[in-house]
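Note: the block below is my_file.csv and it holds CSV, C-alpha atoms.
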chain,number,residue,atom,x,y,z
I,1,MET,CA,27.9,16.9,-10.5
I,2,MET,CA,26.5,18.7,-7.4
I,3,PHE,CA,29.1,17.5,-4.8
I,4,THR,CA,32.1,19.8,-4.9
I,5,TRP,CA,34.3,21.1,-2.1
I,6,THR,CA,37.3,23.3,-1.7
I,7,HIS,CA,39.4,25.2,0.9
I,8,ILE,CA,37.3,23.4,3.6
I,9,ALA,CA,40.3,22.6,5.8
I,10,ALA,CA,41.3,26.2,6.0
I,11,ALA,CA,38.2,27.2,7.9
I,12,LEU,CA,37.9,24.0,10.0
I,13,CYS,CA,40.1,25.4,12.8
I,14,ILE,CA,37.4,27.9,13.7
I,15,VAL,CA,34.4,25.7,13.1
I,16,SER,CA,34.3,24.4,16.7
I,17,GLY,CA,34.3,27.9,18.2
I,18,LEU,CA,31.7,29.1,15.7
I,19,VAL,CA,29.4,26.2,16.3
I,20,TYR,CA,29.7,26.6,20.0
I,21,ALA,CA,28.8,30.2,19.8
I,22,ILE,CA,25.8,29.4,17.6
I,23,TYR,CA,24.4,26.7,19.8
I,24,ARG,CA,25.1,28.0,23.3
I,25,ARG,CA,21.9,28.4,25.2
I,26,PRO,CA,21.1,29.1,28.9
I,27,ALA,CA,19.7,26.3,31.1
I,28,ALA,CA,16.0,26.3,31.5
I,29,HIS,CA,16.0,25.1,35.1
I,30,LYS,CA,18.3,23.7,37.7
I,31,ARG,CA,19.5,20.3,36.7
I,32,THR,CA,19.6,17.2,38.9
I,33,PRO,CA,22.9,15.3,38.9
I,34,ALA,CA,21.3,12.4,36.9
I,35,ILE,CA,19.8,14.7,34.3
I,36,ALA,CA,22.9,16.7,34.2
I,37,ALA,CA,25.1,13.6,33.5
I,38,LYS,CA,22.8,12.4,30.7
I,39,ASN,CA,22.6,15.9,29.1
I,40,ASP,CA,26.3,16.4,29.3
I,41,GLU,CA,26.9,13.0,27.7
I,42,LYS,CA,24.6,13.9,24.8
I,43,ALA,CA,26.2,17.4,24.5
I,44,SER,CA,29.6,15.9,24.1
I,45,THR,CA,28.6,13.8,21.1
I,46,SER,CA,25.8,15.6,19.4
I,47,PRO,CA,24.5,19.1,18.7
I,48,PRO,CA,21.7,20.3,21.0
I,49,ASP,CA,18.0,19.7,20.4
I,50,PRO,CA,16.4,22.0,17.8
I,51,ASP,CA,14.0,24.8,18.7
I,52,PRO,CA,10.4,23.8,18.1
I,53,TYR,CA,8.8,25.5,15.0
I,54,LEU,CA,5.4,26.0,16.6
I,55,ASP,CA,3.7,28.2,14.1
I,56,PHE,CA,4.7,26.2,11.0
I,57,ASP,CA,2.2,26.6,8.2
I,58,MET,CA,2.5,23.9,5.5
I,59,GLU,CA,0.4,25.9,3.0
I,60,THR,CA,2.9,28.8,2.9
I,61,ALA,CA,6.1,27.3,4.2
I,62,HIS,CA,9.3,28.1,2.4
I,63,THR,CA,12.9,27.0,2.9
I,64,ARG,CA,15.4,29.7,3.5
I,65,ASN,CA,16.5,31.4,0.3
I,66,HIS,CA,19.8,29.8,-0.3
I,67,ILE,CA,20.9,32.4,-2.8
I,68,TYR,CA,21.4,34.6,0.3
I,69,VAL,CA,22.0,32.1,3.0
I,70,ASN,CA,25.1,30.1,1.9
I,71,LYS,CA,26.9,32.4,-0.6
I,72,THR,CA,25.6,30.2,-3.4
I,73,LEU,CA,26.1,32.7,-6.1
I,74,ARG,CA,29.3,34.6,-5.9
I,75,PHE,CA,31.9,36.3,-8.1
I,76,PRO,CA,34.7,35.8,-8.9
I,77,TYR,CA,33.3,32.3,-9.5
I,78,PHE,CA,35.8,29.6,-8.8
I,79,GLN,CA,35.8,26.2,-7.1
I,80,THR,CA,35.2,26.8,-3.4
I,81,MET,CA,33.5,25.1,-0.6
I,82,ALA,CA,31.6,28.3,0.5
I,83,HIS,CA,30.6,26.4,3.6
I,84,GLN,CA,29.6,27.5,7.1
I,85,PRO,CA,28.7,26.1,10.5
I,86,MET,CA,25.1,24.8,10.5
I,87,HIS,CA,22.6,25.6,13.2
I,88,ILE,CA,20.8,22.4,14.1
I,89,ASN,CA,17.5,24.1,13.3
I,90,ASP,CA,18.5,24.2,9.6
I,91,TRP,CA,19.5,20.6,9.2
I,92,ILE,CA,16.0,19.6,7.9
I,93,GLU,CA,13.9,22.2,6.0
I,94,ILE,CA,10.3,21.5,5.0
I,95,ASP,CA,8.3,23.6,2.6
I,96,LYS,CA,4.9,23.7,1.0
I,97,ASP,CA,5.9,21.1,-1.7
I,98,TYR,CA,6.7,18.5,1.0
I,99,LYS,CA,4.1,15.9,-0.2
I,100,TRP,CA,5.1,16.4,-3.8
I,101,TYR,CA,8.7,15.6,-3.0
I,102,LEU,CA,7.7,12.5,-1.0
I,103,ASP,CA,5.5,11.3,-3.8
I,104,GLN,CA,8.2,11.8,-6.4
I,105,LYS,CA,10.7,10.1,-4.3
I,106,ALA,CA,8.5,7.0,-3.8
I,107,LYS,CA,8.0,6.9,-7.6
I,108,VAL,CA,11.7,7.0,-8.3
I,109,ILE,CA,12.5,4.4,-5.7
I,110,LYS,CA,9.9,2.0,-7.1
I,111,GLU,CA,11.1,2.4,-10.6
I,112,LYS,CA,14.9,2.5,-10.0
I,113,GLY,CA,15.5,0.4,-7.0
I,114,LYS,CA,19.2,-0.2,-6.2
I,115,ILE,CA,20.2,2.5,-8.6
I,116,VAL,CA,19.0,5.1,-6.1
I,117,ILE,CA,18.9,3.3,-2.7
I,118,ASP,CA,21.5,0.9,-1.5
I,119,SER,CA,23.9,0.2,1.4
I,120,LEU,CA,27.0,-1.8,1.8
I,121,PRO,CA,27.2,-4.0,5.0
I,122,GLU,CA,29.7,-1.6,6.6
I,123,ASN,CA,27.2,1.2,6.3
I,124,ASP,CA,24.1,-0.6,7.6
I,125,ASP,CA,24.5,0.6,11.2
I,126,ALA,CA,25.0,4.2,10.0
I,127,CYS,CA,21.7,4.0,8.2
I,128,ALA,CA,20.0,2.9,11.4
I,129,GLU,CA,21.7,5.7,13.3
I,130,LEU,CA,20.6,8.3,10.7
I,131,LEU,CA,17.0,7.1,11.0
I,132,GLU,CA,17.1,7.2,14.8
I,133,THR,CA,18.5,10.7,14.6
I,134,LEU,CA,15.7,11.8,12.4
I,135,VAL,CA,13.0,10.1,14.5
I,136,ASP,CA,14.4,12.0,17.5
I,137,TYR,CA,14.8,15.3,15.7
I,138,LEU,CA,11.6,15.8,13.7
I,139,PRO,CA,9.0,15.8,16.5
I,140,LYS,CA,11.2,18.3,18.4
I,141,ARG,CA,11.7,20.6,15.4
I,142,TYR,CA,8.3,20.2,13.8
I,143,PRO,CA,5.8,19.3,16.6
I,144,THR,CA,2.8,20.2,14.4
I,145,LEU,CA,3.9,17.7,11.7
I,146,PHE,CA,5.3,14.8,13.7
I,147,ASP,CA,4.5,13.0,16.9
I,148,ALA,CA,6.9,10.8,18.7
I,149,ILE,CA,5.7,7.3,19.4
I,150,GLY,CA,7.4,6.4,22.7
I,151,THR,CA,11.2,6.6,22.1
I,152,VAL,CA,11.3,4.3,19.1
I,153,GLY,CA,8.6,5.4,16.7
I,154,ILE,CA,7.2,8.4,14.8
I,155,HIS,CA,3.9,9.5,13.4
I,156,ASN,CA,4.0,11.6,10.2
I,157,LYS,CA,0.8,13.6,10.6
I,158,VAL,CA,1.1,15.0,7.1
I,159,THR,CA,1.0,11.7,5.3
I,160,GLY,CA,-0.8,9.8,8.1
I,161,GLU,CA,2.0,7.1,8.2
I,162,ARG,CA,3.0,5.6,11.5
I,163,PHE,CA,6.2,3.8,12.1
I,164,GLU,CA,5.6,2.3,15.5
I,165,ASP,CA,9.0,0.8,16.2
I,166,ILE,CA,12.1,1.4,14.2
I,167,THR,CA,14.2,-0.9,16.5
I,168,GLY,CA,16.3,-3.2,14.4
I,169,LYS,CA,15.8,-1.4,11.1
I,170,SER,CA,19.1,-0.8,9.3
I,171,GLY,CA,20.6,-0.5,5.8
I,172,VAL,CA,18.0,-0.1,3.1
I,173,ASP,CA,15.1,-0.8,5.4
I,174,ALA,CA,16.1,2.2,7.5
I,175,LEU,CA,16.6,4.4,4.4
I,176,MET,CA,13.1,3.4,3.1
I,177,VAL,CA,11.6,4.9,6.3
I,178,VAL,CA,13.8,8.0,5.9
I,179,SER,CA,12.3,8.4,2.4
I,180,ARG,CA,8.8,8.8,4.0
I,181,LEU,CA,9.9,11.5,6.5
I,182,VAL,CA,12.0,14.2,4.8
I,183,GLN,CA,12.5,15.8,1.4
I,184,ASP,CA,16.3,15.3,1.7
I,185,ASP,CA,18.3,12.6,0.1
I,186,PHE,CA,21.3,11.2,1.9
I,187,LEU,CA,24.6,10.0,0.6
I,188,MET,CA,26.6,8.0,3.2
I,189,GLY,CA,30.4,8.1,3.5
I,190,ARG,CA,33.0,6.3,5.6
I,191,ALA,CA,36.7,6.5,6.2
I,192,ARG,CA,38.4,3.1,5.6
I,193,GLU,CA,41.7,1.8,6.9
I,194,ASP,CA,43.5,3.0,3.8
I,195,GLY,CA,42.9,6.5,4.9
I,196,HIS,CA,40.5,7.5,2.2
I,197,VAL,CA,36.8,8.3,2.4
I,198,TYR,CA,34.4,6.1,0.4
I,199,PHE,CA,30.8,6.4,-0.5
I,200,VAL,CA,29.2,3.3,1.0
I,201,GLY,CA,25.5,3.8,0.4
I,202,GLY,CA,22.6,6.1,0.6
I,203,LEU,CA,19.2,7.3,-0.7
I,204,ILE,CA,19.7,9.5,-3.8
I,205,ALA,CA,16.4,9.7,-5.6
I,206,PHE,CA,17.0,13.2,-6.9
I,207,PRO,CA,20.6,13.3,-8.1
I,208,GLY,CA,19.9,15.1,-11.4
I,209,PHE,CA,23.2,14.4,-12.9
I,210,TYR,CA,24.8,11.3,-11.4
I,211,LEU,CA,23.7,7.9,-10.0
I,212,LEU,CA,24.3,6.4,-6.5
I,213,SER,CA,24.9,3.1,-8.2
I,214,ASN,CA,28.0,4.6,-9.9
I,215,TYR,CA,29.3,6.1,-6.6
I,216,ILE,CA,28.8,3.3,-4.1
I,217,GLY,CA,32.0,1.6,-3.0
I,218,LYS,CA,34.2,4.2,-4.6
I,219,PRO,CA,36.5,6.8,-3.0
I,220,LEU,CA,36.2,10.6,-3.3
I,221,GLU,CA,39.2,10.7,-5.7
I,222,VAL,CA,37.4,8.4,-8.3
I,223,VAL,CA,34.0,10.0,-7.9
I,224,HIS,CA,35.3,13.6,-8.4
I,225,ARG,CA,37.7,13.0,-11.3
I,226,GLU,CA,35.5,14.9,-13.8
I,227,ILE,CA,35.0,17.9,-11.5
I,228,PRO,CA,37.5,20.7,-12.5
I,229,TYR,CA,40.3,21.3,-10.0
I,230,PHE,CA,38.9,19.0,-7.3
I,231,ASN,CA,41.5,16.2,-7.1
I,232,GLU,CA,44.6,18.2,-7.9
I,233,LYS,CA,43.8,21.1,-5.5
I,234,ILE,CA,41.5,20.1,-2.6
I,235,LEU,CA,41.1,16.3,-2.4
I,236,MET,CA,43.6,15.8,0.5
I,237,SER,CA,42.2,18.7,2.6
I,238,VAL,CA,38.6,17.5,2.0
I,239,GLU,CA,39.3,14.0,3.1
I,240,ARG,CA,41.2,15.2,6.1
I,241,THR,CA,38.3,17.4,7.1
I,242,LEU,CA,35.7,14.7,6.6
I,243,LYS,CA,37.6,12.3,8.8
I,244,LYS,CA,38.3,14.7,11.6
I,245,PHE,CA,35.2,16.9,12.0
I,246,LYS,CA,33.1,16.0,15.0
I,247,ALA,CA,29.5,15.1,15.5
I,248,THR,CA,29.1,18.4,17.4
I,249,GLU,CA,30.4,20.3,14.3
I,250,PRO,CA,27.8,20.0,11.5
I,251,PHE,CA,28.2,22.3,8.6
I,252,GLU,CA,26.4,23.2,5.3
I,253,ARG,CA,26.9,24.6,1.9
I,254,THR,CA,24.7,25.1,-1.2
I,255,SER,CA,25.6,24.4,-4.8
I,256,TRP,CA,23.8,25.5,-7.9
I,257,THR,CA,23.2,24.7,-11.6
I,258,MET,CA,20.6,25.6,-14.2
I,259,VAL,CA,18.1,23.1,-15.6
I,260,ASP,CA,15.1,23.1,-17.9
I,261,ASP,CA,12.8,20.7,-16.2
I,262,ARG,CA,11.5,19.5,-12.8
I,263,ASN,CA,12.7,15.9,-13.3
I,264,LEU,CA,14.9,15.8,-10.1
I,265,PHE,CA,16.0,12.3,-10.8
I,266,TRP,CA,17.6,12.9,-14.2
I,267,HIS,CA,17.5,16.3,-16.0
I,268,ASN,CA,16.8,16.5,-19.7
I,269,MET,CA,19.9,18.5,-20.5
I,270,VAL,CA,22.2,15.7,-19.2
I,271,THR,CA,21.0,13.5,-22.0
I,272,THR,CA,20.4,15.9,-24.8
I,273,GLN,CA,23.2,18.4,-24.0
I,274,LYS,CA,20.9,21.2,-24.9
I,275,MET,CA,17.9,23.1,-23.6
I,276,SER,CA,14.6,22.0,-24.8
I,277,ASP,CA,13.3,24.3,-27.6
I,278,SER,CA,9.9,24.3,-26.0
I,279,VAL,CA,11.0,25.8,-22.7
I,280,HIS,CA,10.7,29.6,-22.3
I,281,PRO,CA,13.7,31.0,-20.4
I,282,LYS,CA,11.3,32.2,-17.7
I,283,ASP,CA,10.5,28.6,-16.9
I,284,MET,CA,14.0,27.5,-16.5
I,285,TRP,CA,15.0,26.5,-13.0
I,286,MET,CA,18.0,27.3,-10.8
I,287,ARG,CA,18.6,24.0,-9.0
I,288,MET,CA,20.1,24.6,-5.6
I,289,ASP,CA,21.3,21.6,-3.6
I,290,HIS,CA,21.4,22.3,0.1
I,291,GLN,CA,24.2,20.0,1.3
I,292,THR,CA,24.5,19.2,5.0
I,293,PHE,CA,27.3,17.3,6.7
I,294,ARG,CA,26.8,15.4,9.9
I,295,LYS,CA,29.1,12.9,11.6
I,296,LEU,CA,27.1,10.1,13.2
I,297,PRO,CA,28.8,9.5,16.6
I,298,ARG,CA,27.9,5.8,17.2
I,299,SER,CA,28.8,4.4,13.8
I,300,ASN,CA,31.2,7.1,12.8
I,301,GLY,CA,29.5,7.3,9.5
I,302,ILE,CA,29.2,10.5,7.5
I,303,ALA,CA,25.7,11.6,6.4
I,304,PHE,CA,25.7,14.0,3.4
I,305,GLY,CA,22.2,15.4,3.3
I,306,VAL,CA,21.0,16.8,-0.1
I,307,HIS,CA,17.8,18.8,-0.2
I,308,VAL,CA,17.1,19.8,-3.8
I,309,MET,CA,15.4,23.2,-4.2
I,310,LEU,CA,14.3,24.6,-7.6
I,311,LYS,CA,13.8,28.3,-8.0
I,312,ARG,CA,12.0,29.4,-11.3
I,313,LEU,CA,14.1,31.9,-13.2
I,314,GLU,CA,11.2,34.4,-13.4
I,315,ASP,CA,11.1,34.4,-9.6
I,316,LEU,CA,14.4,36.2,-9.6
I,317,VAL,CA,12.8,39.4,-10.7
I,318,GLU,CA,12.0,39.9,-7.0
I,319,THR,CA,15.6,39.4,-5.9
I,320,PRO,CA,17.5,42.7,-6.6
I,321,LEU,CA,20.7,42.4,-8.6
I,322,VAL,CA,20.6,38.6,-8.6
I,323,PRO,CA,19.8,38.3,-12.4
I,324,ALA,CA,22.7,40.7,-13.1
I,325,LEU,CA,25.0,38.6,-10.9
I,326,LEU,CA,24.0,35.4,-12.6
I,327,ALA,CA,24.6,36.9,-16.0
I,328,LYS,CA,28.1,38.1,-14.9
I,329,ILE,CA,29.0,34.6,-13.6
I,330,HIS,CA,28.0,33.1,-17.0
I,331,LEU,CA,29.9,35.7,-19.0
I,332,GLU,CA,33.1,36.0,-16.9
I,333,GLY,CA,33.2,32.9,-14.7
I,334,ASP,CA,35.9,30.2,-14.9
I,335,LYS,CA,35.4,28.5,-18.3
I,336,ALA,CA,36.1,24.9,-17.1
I,337,LEU,CA,33.6,25.2,-14.2
I,338,MET,CA,30.9,26.7,-16.5
I,339,GLU,CA,31.4,24.0,-19.1
I,340,TYR,CA,31.0,21.4,-16.3
I,341,LYS,CA,27.6,23.1,-15.6
I,342,LEU,CA,26.6,22.6,-19.2
I,343,ASP,CA,26.3,26.3,-19.8
I,344,ALA,CA,26.6,25.9,-23.5
I,345,ALA,CA,23.2,24.1,-23.5
I,346,TYR,CA,21.3,27.2,-22.3
I,347,LYS,CA,23.5,30.3,-21.9
I,348,ASP,CA,22.6,32.0,-25.2
I,349,ARG,CA,18.9,31.8,-24.5
I,350,MET,CA,19.1,32.6,-20.8
I,351,LEU,CA,21.3,35.7,-21.0
I,352,PRO,CA,18.9,37.9,-22.9
I,353,TYR,CA,16.1,37.0,-20.4
I,354,LEU,CA,18.4,37.9,-17.5
I,355,GLN,CA,18.9,41.3,-19.1
I,356,GLU,CA,15.2,41.7,-19.3
I,357,LEU,CA,14.8,40.9,-15.6
I,358,THR,CA,17.4,43.4,-14.7
I,359,LYS,CA,15.6,46.1,-16.7
I,360,ARG,CA,12.4,45.2,-14.9
I,361,GLN,CA,14.2,45.7,-11.6
I,362,LEU,CA,15.4,49.1,-12.7
I,363,ASP,CA,11.9,50.1,-13.8
I,364,LEU,CA,10.4,48.9,-10.5
I,365,GLY,CA,13.0,50.9,-8.5
I,366,LEU,CA,14.4,47.7,-6.9
I,367,ILE,CA,17.9,48.7,-8.1
I,368,SER,CA,19.7,51.7,-9.5
I,369,GLU,CA,22.2,52.0,-12.4
I,370,SER,CA,25.0,52.5,-9.9
I,371,ASP,CA,24.1,49.2,-8.2
I,372,LEU,CA,25.0,47.3,-11.4
I,373,ASP,CA,28.7,48.2,-10.7
I,374,LYS,CA,28.6,46.1,-7.5
I,375,VAL,CA,26.4,43.1,-8.2
I,376,THR,CA,28.3,41.0,-5.7
I,377,ASP,CA,26.9,43.2,-2.9
I,378,PHE,CA,23.3,42.2,-3.6
I,379,ARG,CA,22.8,41.1,0.0
I,380,ALA,CA,23.3,44.8,1.0
I,381,LEU,CA,20.0,45.6,-0.7
I,382,VAL,CA,18.0,43.5,1.8
I,383,LYS,CA,15.8,45.8,3.8
I,384,ASP,CA,14.7,45.3,7.4
I,385,GLY,CA,16.3,41.8,7.3
I,386,ARG,CA,13.5,40.6,5.0
I,387,VAL,CA,15.2,38.4,2.4
I,388,PRO,CA,13.0,38.1,-0.8
I,389,ASN,CA,12.0,34.6,-1.2
I,390,PRO,CA,9.5,34.0,-4.1
I,391,GLN,CA,9.0,30.4,-4.8
I,392,THR,CA,6.9,28.9,-7.6
I,393,THR,CA,5.4,25.7,-6.4
I,394,LEU,CA,6.6,22.4,-7.9
I,395,SER,CA,3.2,20.7,-7.5
I,396,LYS,CA,1.7,22.5,-10.5
I,397,PRO,CA,2.9,22.7,-14.1
I,398,THR,CA,4.6,25.9,-15.4
I,399,GLU,CA,3.2,27.8,-18.4
I,400,THR,CA,5.7,26.0,-20.6
I,401,GLU,CA,4.8,22.6,-19.3
I,402,GLU,CA,1.1,23.3,-19.8
I,403,GLY,CA,1.9,24.3,-23.4
I,404,MET,CA,3.8,21.1,-23.9
I,405,VAL,CA,0.8,19.1,-22.8
I,406,ASP,CA,-1.5,21.0,-25.1
I,407,MET,CA,0.9,20.2,-28.1
I,408,VAL,CA,0.6,16.5,-27.3
Would it be possible to restate this file's structure as structure tokens?
Amino acid sequence: MMFTWTHIAAALCIVSGLVYAIYRRPAAHKRTPAIAAKNDEKASTSPPDPDPYLDFDMETAHTRNHIYVNKTLRFPYFQTMAHQPMHINDWIEIDKDYKWYLDQKAKVIKEKGKIVIDSLPENDDACAELLETLVDYLPKRYPTLFDAIGTVGIHNKVTGERFEDITGKSGVDALMVVSRLVQDDFLMGRAREDGHVYFVGGLIAFPGFYLLSNYIGKPLEVVHREIPYFNEKILMSVERTLKKFKATEPFERTSWTMVDDRNLFWHNMVTTQKMSDSVHPKDMWMRMDHQTFRKLPRSNGIAFGVHVMLKRLEDLVETPLVPALLAKIHLEGDKALMEYKLDAAYKDRMLPYLQELTKRQLDLGLISESDLDKVTDFRALVKDGRVPNPQTTLSKPTETEEGMVDMV
């Protein structure tokens, strides 16, 4: 449900220039010929190294607020890629719920096995390359959380786990190590000789609405048949882009949907087709999937990263105009797309609460009545570049969840 693309090819012609502009950095010192040759070879096949996040604080860490970053919420609401070039710093985001995610992921893998983690033989080397890329990236981006062990190992200082030598790990073995390093899931793709892109493996512990076991070995066209407008309008351009984009041109997007629980593997509403009666609208969650796209240069595999982020609906009171925009999308958005998001399961209970949040924003002076005529301009209300980013932790139960325990 969460993987949708559109109009991606239309912007691809400028991606290379944009990415170059984002990544360009001055040389720190004079390069010797040997170092220069090695660096030039890497630069031609991969993005540059990330900047070290030296003052990272796990206790307070947040991801970027993807409501603002990636045009996640927009109106008119129609099927669109809403993608942008990705700075390498933003490939892997870590927040205060890091250990909760890793614990939940381990639980799902243990219970579900091949349903959530698998790899076809043609994808095994891409899994190895993905792991190698992460082992290189993480100590550079998060030096307070990870130590490199030589050139072939990594020490996760948060969990205490040490992976002394990843040499020879591929396929599922490599993905198992990946599951102990980052909050992200990864769906793996590959272009085959018939010209189509197939899903050939991955680690998808937090799909919410679909299963890796139903995707593996199938082309984009089959997987996306149920997504409104995808195959008839954008399939060809999406496949063309995924085959042609370069390892030096990573990009990102963020999709969204509404859910009524924190079960990232499989949400309640998928099964019941309705919102639980015991859930107060304030304890609903906006599920945002940060989707990253990287081409792996050695294997030519495609790594679709998916970092699931949940923002509690009550948190939106601190994001001016966003409750009003979300209401407008549900009232006036494309009917087929909103039905695909299961809006009938929750809309009637959510909309009055969004109106309440908007009134609170008016009372607090966060917005004015005139602002309500231009809800799509909510980013213009950001002051001093400080994007509001409240985030209820996932490691503790919400008020609704505590009440459900009490009833039991």
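The list of residues with at least one atom within 7 Å of region 178-188 of chain I, based on only C-alpha atoms and without residues fewer than 6 positions apart in the same chain, reads Tyr98, Tyr101, Leu102, Leu131, Asn156, Phe199, Val200, Gly201, Gly202, Leu203, Ile204, Ala205, Gly301, Ile302, Ala303, Phe304, Gly305, Val306 and His307 of chain I.
With all atoms listed in the file as the atoms that count, the minimum distance from Ser368 (chain I) to the choices I:Val223, I:Glu132, I:Ile109, I:Leu381 is reached by I:Leu381.
Across the model, the gap from CA of Pro48 (chain I) to CA of Ala247 (chain I) is 10.9 Å.
Nearest-residue note for Ser299 (chain I): choosing from I:Pro52, I:Gly150, I:Gly189, I:Gly113, the minimum distance belongs to I:Gly189, counting only C-alpha atoms.
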Checklist entry - Which neighbours of Val222 (chain I) fall inside 12 Å, counting all atoms listed in the file, when residues of the same chain fewer than 6 positions from it are skipped, and could you give them as a list in words? => result His196, Val197, Tyr198, Phe199, Asn214, Tyr215, Ile216, Phe230, Asn231 and Leu235 of chain I
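Of the residues listed (I:Thr241, I:Ser276, I:Thr167, I:Gln104), I:Ser276 shows the shortest atom-to-atom separation from Glu401 (chain I); distances use all atoms listed in the file.
What separates CA of Val158 (chain I) from CA of Thr144 (chain I) is a distance of 9.1 Å.
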Checklist outcome for this item: Residue with the minimum atom-to-atom distance to Cys127 (chain I), picked from I:Met176, I:Met338, I:Val238, I:Ala344 with all atoms listed in the file counted, is I:Met176
Checklist outcome for this item: note - CA of Leu331 (chain I) and CA of Tyr77 (chain I) are separated by 10.6 Å
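Residue neighbourhood of Val259 (chain I), excluding near-sequence residues (fewer than 5 positions): His267, Met269, Met284, Trp285, Met286 and Arg287 of chain I, at 7 Å, using all atoms listed in the file.
Near Thr398 (chain I), within 10 Å and counting all atoms listed in the file, sit Asp261, Arg262, Val279, His280, Lys282, Asp283, Met284, Arg312, Thr392, Thr393, Leu394, Glu402, Gly403 and Met404 of chain I; same-chain residues fewer than 4 positions away were not included.
For the choices I:Thr133, I:Thr151, I:Thr63, I:Gln273, the atom-to-atom distance to Leu342 (chain I) is smallest for I:Gln273 when using only C-alpha atoms.
Minimum atom-to-atom distance to Ile67 (chain I), evaluated using all atoms listed in the file, belongs to I:Trp256 out of I:Ala324, I:Ser278, I:Trp256, I:Gly365.
Near Phe206 (chain I), within 8 Å and counting all atoms listed in the file, sit Lys105, Asp185, Leu264, Phe265, Trp266 and Val308 of chain I, not including residues fewer than 3 positions from it in the same chain.
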Which protein, DNA or RNA residues have an atom at most 10 Å from (15.0, 25.3, 13.2), counting only C-alpha atoms? List them as a compact mmCIF listing (two decimals) with C-alpha atoms, in the coordinates of the input.
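Dumped everything to point_10.txt:
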# COMPACT_ATOMS: atom_id res chain seq x y z
CA ASP I 49 18.00 19.70 20.40
CA PRO I 50 16.40 22.00 17.80
CA ASP I 51 14.00 24.80 18.70
CA PRO I 52 10.40 23.80 18.10
CA TYR I 53 8.80 25.50 15.00
CA HIS I 87 22.60 25.60 13.20
CA ILE I 88 20.80 22.40 14.10
CA ASN I 89 17.50 24.10 13.30
CA ASP I 90 18.50 24.20 9.60
CA TRP I 91 19.50 20.60 9.20
CA ILE I 92 16.00 19.60 7.90
CA GLU I 93 13.90 22.20 6.00
CA LYS I 140 11.20 18.30 18.40
CA ARG I 141 11.70 20.60 15.40
CA TYR I 142 8.30 20.20 13.80
